[in-house]
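The file model_24.txt contains compact mmCIF, C-alpha atoms:
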# COMPACT_ATOMS: atom_id res chain seq x y z
CA MET A 1 60.82 53.52 48.07
CA GLN A 2 58.72 53.22 51.23
CA ARG A 3 56.01 51.18 49.53
CA TRP A 4 58.56 48.49 48.61
CA LEU A 5 59.63 47.93 52.21
CA ASN A 6 59.86 44.17 52.90
CA ARG A 7 58.59 43.31 49.43
CA VAL A 8 60.53 40.96 47.15
CA ALA A 9 62.79 41.87 44.24
CA VAL A 10 64.53 39.44 41.90
CA VAL A 11 67.64 40.62 40.06
CA THR A 12 69.21 38.54 37.29
CA GLY A 13 72.90 38.74 36.44
CA ALA A 14 73.47 39.80 40.05
CA SER A 15 77.07 38.67 40.43
CA SER A 16 78.80 41.77 39.05
CA GLY A 17 78.41 45.15 37.37
CA ILE A 18 74.96 46.70 37.22
CA GLY A 19 73.29 43.70 38.84
CA ALA A 20 75.60 43.82 41.86
CA ALA A 21 74.99 47.57 42.25
CA VAL A 22 71.22 47.08 42.05
CA ILE A 23 71.04 44.38 44.72
CA LYS A 24 73.05 46.56 47.11
CA ASP A 25 70.77 49.57 46.58
CA LEU A 26 67.58 47.54 46.91
CA VAL A 27 68.75 45.94 50.15
CA LYS A 28 69.68 49.37 51.55
CA ASN A 29 66.11 50.47 50.81
CA GLY A 30 64.59 47.68 52.86
CA VAL A 31 63.64 45.39 49.98
CA ARG A 32 64.08 41.62 50.32
CA VAL A 33 66.30 40.76 47.37
CA VAL A 34 67.07 37.56 45.49
CA GLY A 35 70.19 37.71 43.36
CA LEU A 36 70.14 35.19 40.52
CA ALA A 37 73.44 34.32 38.87
CA ARG A 38 75.39 31.44 37.42
CA ARG A 39 78.28 32.63 39.59
CA TYR A 40 76.08 32.80 42.67
CA GLU A 41 79.12 32.54 44.95
CA ARG A 42 79.87 36.15 44.03
CA VAL A 43 76.43 37.17 45.30
CA GLU A 44 77.22 35.34 48.55
CA ASP A 45 80.43 37.41 48.77
CA ILE A 46 78.41 40.62 48.32
CA LYS A 47 76.09 39.47 51.10
CA LYS A 48 79.02 38.99 53.49
CA ASN A 49 80.04 42.63 52.95
CA LEU A 50 76.60 44.10 53.64
CA ALA A 51 75.80 45.74 56.95
CA PRO A 52 74.78 43.11 59.54
CA ASP A 53 71.30 44.60 60.01
CA VAL A 54 70.38 44.13 56.31
CA ARG A 55 72.50 41.12 55.39
CA ASN A 56 69.65 38.65 55.72
CA ASN A 57 67.62 40.62 53.17
CA LEU A 58 69.77 39.18 50.37
CA THR A 59 69.43 35.62 49.07
CA ALA A 60 71.73 34.16 46.43
CA ILE A 61 70.37 31.49 44.07
CA LYS A 62 72.22 29.80 41.25
CA CYS A 63 70.34 30.27 37.99
CA ASP A 64 71.02 30.22 34.25
CA VAL A 65 68.33 32.39 32.64
CA CYS A 66 68.81 30.54 29.34
CA SER A 67 67.43 27.39 30.92
CA THR A 68 63.68 27.26 31.54
CA LYS A 69 64.30 24.41 33.98
CA SER A 70 66.82 26.47 35.94
CA VAL A 71 64.54 29.53 35.98
CA ASN A 72 61.53 27.51 37.13
CA LYS A 73 63.56 25.90 39.90
CA ALA A 74 64.78 29.30 41.11
CA PHE A 75 61.35 30.94 41.05
CA ASP A 76 59.73 27.94 42.73
CA GLN A 77 62.22 28.38 45.58
CA ILE A 78 61.57 32.13 45.75
CA ILE A 79 57.81 31.67 45.94
CA ASP A 80 58.09 28.85 48.50
CA GLU A 81 60.46 30.79 50.76
CA LEU A 82 59.44 34.42 50.24
CA GLY A 83 55.84 34.22 49.02
CA GLY A 84 56.12 35.90 45.63
CA VAL A 85 57.84 38.45 43.42
CA ASP A 86 57.07 42.20 43.37
CA ILE A 87 60.01 43.60 41.37
CA LEU A 88 61.97 41.93 38.59
CA VAL A 89 65.17 43.47 37.24
CA ASN A 90 66.13 41.69 34.01
CA ASN A 91 69.81 42.49 33.97
CA ALA A 92 71.51 39.29 32.78
CA GLY A 93 73.18 39.84 29.44
CA LEU A 94 75.83 38.35 27.18
CA TYR A 95 78.15 39.70 24.52
CA GLN A 96 80.32 37.52 22.27
CA PRO A 97 82.92 38.98 19.88
CA GLY A 98 82.70 38.26 16.19
CA GLN A 99 80.64 39.06 13.10
CA LEU A 100 77.26 37.56 12.24
CA SER A 101 78.64 36.70 8.81
CA THR A 102 81.33 34.41 10.16
CA MET A 103 80.96 33.74 13.90
CA ASP A 104 80.16 30.40 15.48
CA ILE A 105 76.40 29.83 15.29
CA ILE A 106 76.27 28.42 18.81
CA SER A 107 77.80 31.64 20.15
CA ALA A 108 75.24 33.76 18.31
CA GLN A 109 72.40 31.59 19.60
CA LYS A 110 73.73 31.90 23.17
CA VAL A 111 73.56 35.71 22.97
CA LEU A 112 69.99 35.58 21.71
CA GLN A 113 69.00 32.97 24.28
CA THR A 114 70.46 34.99 27.17
CA ASN A 115 69.44 38.51 26.16
CA VAL A 116 65.96 37.77 24.82
CA MET A 117 64.65 34.39 25.95
CA GLY A 118 66.21 34.86 29.39
CA VAL A 119 63.97 37.91 29.81
CA VAL A 120 60.94 35.96 28.60
CA ASN A 121 61.67 33.06 30.97
CA CYS A 122 62.00 35.25 34.05
CA THR A 123 59.26 37.74 33.22
CA GLN A 124 56.69 35.00 32.72
CA ARG A 125 57.32 33.63 36.20
CA ALA A 126 57.44 37.07 37.84
CA PHE A 127 54.28 38.21 36.05
CA LYS A 128 52.42 35.07 37.12
CA SER A 129 53.34 35.72 40.75
CA MET A 130 52.36 39.40 40.57
CA LYS A 131 49.03 38.76 38.86
CA GLU A 132 47.99 35.91 41.16
CA ARG A 133 48.52 38.18 44.19
CA ASN A 134 47.08 41.28 42.49
CA ALA A 135 50.42 42.98 43.17
CA ASP A 136 51.24 46.35 41.60
CA GLY A 137 54.65 45.08 40.57
CA HIS A 138 57.41 46.49 38.40
CA VAL A 139 59.49 44.85 35.66
CA ILE A 140 62.79 46.46 34.62
CA LEU A 141 64.57 45.70 31.36
CA VAL A 142 68.26 46.63 31.36
CA ASN A 143 68.73 47.48 27.70
CA SER A 144 71.49 49.40 25.90
CA LEU A 145 72.04 52.33 23.57
CA THR A 146 72.72 49.66 20.95
CA GLY A 147 69.04 48.78 21.26
CA HIS A 148 68.24 52.19 19.76
CA TYR A 149 70.85 52.62 17.04
CA ILE A 150 73.92 50.96 15.59
CA PRO A 151 77.12 52.94 16.26
CA GLY A 152 78.75 54.38 13.15
CA PHE A 153 80.70 52.08 10.85
CA ASN A 154 84.13 53.51 9.96
CA GLY A 155 84.07 51.90 6.51
CA VAL A 156 87.16 49.81 7.21
CA GLU A 157 86.83 47.40 10.14
CA ALA A 158 83.92 45.00 10.38
CA PRO A 159 81.88 45.78 13.51
CA ASN A 160 81.67 43.32 16.39
CA LEU A 161 78.13 43.92 17.65
CA ASN A 162 76.79 40.84 15.81
CA MET A 163 73.74 39.43 17.66
CA TYR A 164 74.12 41.75 20.67
CA ALA A 165 72.53 44.80 19.02
CA PRO A 166 69.61 42.87 17.46
CA SER A 167 68.91 41.29 20.86
CA LYS A 168 68.75 44.75 22.42
CA PHE A 169 66.49 46.06 19.63
CA ALA A 170 64.22 43.13 20.51
CA LEU A 171 64.05 44.33 24.12
CA ARG A 172 62.78 47.71 22.95
CA ALA A 173 59.92 46.00 21.11
CA MET A 174 59.29 43.74 24.10
CA ARG A 175 59.03 46.81 26.34
CA ASP A 176 56.01 48.00 24.34
CA ILE A 177 54.51 44.52 24.06
CA TYR A 178 54.78 43.97 27.82
CA ARG A 179 53.20 47.36 28.58
CA GLN A 180 50.23 46.53 26.36
CA GLU A 181 49.93 42.99 27.71
CA PHE A 182 50.08 44.09 31.34
CA ILE A 183 47.20 46.50 30.70
CA GLY A 184 45.22 44.07 28.56
CA LEU A 185 45.55 41.30 31.15
CA GLY A 186 44.01 43.53 33.80
CA THR A 187 47.04 44.43 35.93
CA LYS A 188 48.74 47.59 37.15
CA ILE A 189 52.22 46.16 36.69
CA LYS A 190 54.75 48.67 35.36
CA ILE A 191 57.43 48.14 32.73
CA THR A 192 60.57 50.26 32.41
CA SER A 193 63.46 49.94 29.97
CA VAL A 194 66.76 51.49 30.99
CA SER A 195 69.24 51.98 28.13
CA PRO A 196 72.75 52.92 29.28
CA GLY A 197 75.61 54.16 27.22
CA LEU A 198 79.02 52.68 27.95
CA VAL A 199 79.27 51.30 31.50
CA ASP A 200 82.42 50.22 33.32
CA THR A 201 81.62 46.51 33.65
CA GLU A 202 83.39 43.22 32.97
CA MET A 203 81.62 43.00 29.60
CA VAL A 204 83.49 46.03 28.23
CA PRO A 205 87.04 45.26 27.00
CA ASP A 206 89.90 47.13 28.66
CA PHE A 207 91.02 48.74 25.38
CA VAL A 208 87.56 50.29 24.95
CA LYS A 209 87.66 51.70 28.48
CA ALA A 210 91.10 53.14 27.77
CA ASN A 211 89.91 54.77 24.53
CA VAL A 212 86.88 56.53 26.05
CA GLY A 213 88.70 57.87 29.10
CA PRO A 214 86.33 59.48 31.62
CA ALA A 215 83.30 59.27 29.28
CA ILE A 216 82.00 56.08 30.87
CA LEU A 217 79.29 55.37 33.43
CA LYS A 218 79.60 53.44 36.66
CA PRO A 219 77.25 50.54 37.49
CA GLU A 220 76.02 52.63 40.42
CA ASP A 221 74.82 55.31 37.98
CA ILE A 222 72.50 52.83 36.30
CA SER A 223 71.34 51.44 39.63
CA SER A 224 70.40 54.97 40.72
CA SER A 225 68.35 55.34 37.54
CA ILE A 226 66.56 52.07 38.26
CA MET A 227 65.86 53.16 41.85
CA TYR A 228 64.32 56.37 40.51
CA ALA A 229 61.97 54.46 38.19
CA ILE A 230 60.97 52.02 40.93
CA ALA A 231 60.36 54.84 43.44
CA THR A 232 57.78 56.65 41.29
CA PRO A 233 54.18 56.74 42.60
CA PRO A 234 51.85 53.89 41.56
CA HIS A 235 50.20 56.03 38.85
CA VAL A 236 53.51 57.05 37.22
CA GLN A 237 55.36 54.81 34.76
CA VAL A 238 58.81 55.67 33.43
CA HIS A 239 58.61 53.88 30.10
CA GLU A 240 62.13 54.44 28.76
CA MET A 241 65.31 55.91 30.21
CA ILE A 242 68.43 56.62 28.17
CA VAL A 243 71.46 57.29 30.36
CA ARG A 244 74.70 58.46 28.77
CA PRO A 245 77.99 59.68 30.22
CA VAL A 246 78.84 63.31 29.54
CA GLY A 247 81.21 63.47 26.58
CA GLU A 248 80.20 60.14 25.01
CA VAL A 249 80.61 60.51 21.24
CA LEU A 250 79.17 57.22 19.97
This structure in structure tokens:
Amino acid sequence: MQRWLNRVAVVTGASSGIGAAVIKDLVKNGVRVVGLARRYERVEDIKKNLAPDVRNNLTAIKCDVCSTKSVNKAFDQIIDELGGVDILVNNAGLYQPGQLSTMDIISAQKVLQTNVMGVVNCTQRAFKSMKERNADGHVILVNSLTGHYIPGFNGVEAPNLNMYAPSKFALRAMRDIYRQEFIGLGTKIKITSVSPGLVDTEMVPDFVKANVGPAILKPEDISSSIMYAIATPPHVQVHEMIVRPVGEVL
């Protein structure tokens, strides 16, 4: 992680779960971190609990990744105050219960807008900053096992994955498209997709956590995986990581 010392990382969905774990680990490694979140007050609370010698390395900015205007405002501030972006962790995500066949269309659109277009919005701004400065940056996509396969249908209950799984399948395609674009546009920017199994976050209902018992990951487990990918030498690119808890049966 030495080469990232004092460089700038942007983490979306930084207010809880995986995003909160990532900003803590990046700050500990000497990276200047911007945590983007709608609930940015939570990022401010995380900052207060950091060690005094690294506390100023974390900046909280309110941002809704669904809104191009909000994203542009946030990245304009980052570039004005910190000079540019070297690492982007696309972590913001949304799940809404229901079935595609019957659910509210606005809810389905919100999932797609957050999980897919939110990545596009932020990656465009981060890529522009990296390319203009000829920075060997790194873009992380926090994906999901549901971006690789649809968990088994029991033949009785209608599943609730609705637009969430298709949005994560889209990220897997975007991973390959970004890799090809980054090369074709003359950069050495890396792209890594990290696909966790079940993680103990606010997004996962309590009854699901109770059913799986100990077969569940912690946000810190996924952050450690992201740190590994970021810490690889400039010539090494971890393209895809699948991280599952031992004993997961899905």
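Nearest to Ile106 in chain A of all the residues A:Glu202, A:Val142, A:Met163, A:Gln237 is A:Met163, based on all atoms listed in the file.
Shortest atom-to-atom contact with Asp200 in chain A among A:Val22, A:Met1, A:Ile216, A:Val65: A:Ile216, counting all atoms listed in the file.
Of the listed residues A:Gly30, A:Gly186, A:Gly137, A:Pro159, the one whose atoms come nearest to Asn56 in chain A is A:Gly30, with distances taken using all atoms listed in the file.
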Just checking: using all atoms listed in the file, which residue out of A:Pro219, A:Met174, A:Ile226, A:Leu250 ends up closest to Ala21 in chain A?
A:Pro219
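The closest residue to Met130 in chain A, picked from A:Thr187, A:Thr192, A:Gln113, A:Asn91 and counting all atoms listed in the file, is A:Thr187.
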Coordinates-based distance that separates CA of Thr201 in chain A from CA of Lys218 in chain A (Å, one decimal)
7.8 Å
Would you pick out the contacts of Thr123 in chain A at 9 Å or less, using all atoms listed in the file, so that residues sharing its chain but fewer than 4 positions from it are not included, and give the list as a list of chain:residue names?
A:Leu88, A:Asn90, A:Gly118, A:Val119, A:Phe127, A:Lys128, A:Val139
Write the residues of the selection above to a file with C-alpha atoms, as a PDB file, in the coordinates of the input.
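In the end it all went to part21.pdb:
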ATOM      1  CA  LEU A  88      61.970  41.930  38.590  1.00  0.00           C
ATOM      2  CA  ASN A  90      66.130  41.690  34.010  1.00  0.00           C
ATOM      3  CA  GLY A 118      66.210  34.860  29.390  1.00  0.00           C
ATOM      4  CA  VAL A 119      63.970  37.910  29.810  1.00  0.00           C
ATOM      5  CA  PHE A 127      54.280  38.210  36.050  1.00  0.00           C
ATOM      6  CA  LYS A 128      52.420  35.070  37.120  1.00  0.00           C
ATOM      7  CA  VAL A 139      59.490  44.850  35.660  1.00  0.00           C
TER       8      VAL A 139
END
When you look at Leu185 in chain A with a cut-off of 12 Å (counting all atoms listed in the file), what residues show up, excluding the ones that are within fewer than 5 positions of it in the same chain? I need them as a tab-separated table (two decimals) with C-alpha atoms, in the coordinates of the input.
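The result, stored in around-v6.tsv:
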chain	number	residue	atom	x	y	z
A	127	PHE	CA	54.28	38.21	36.05
A	128	LYS	CA	52.42	35.07	37.12
A	130	MET	CA	52.36	39.40	40.57
A	131	LYS	CA	49.03	38.76	38.86
A	132	GLU	CA	47.99	35.91	41.16
A	134	ASN	CA	47.08	41.28	42.49
A	177	ILE	CA	54.51	44.52	24.06
A	178	TYR	CA	54.78	43.97	27.82
A	179	ARG	CA	53.20	47.36	28.58
A	180	GLN	CA	50.23	46.53	26.36
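Proximity ranking of A:Asn57, A:Thr232, A:Gln2, A:Asn72 relative to Ile23 in chain A places A:Asn57 first, based on all atoms listed in the file.
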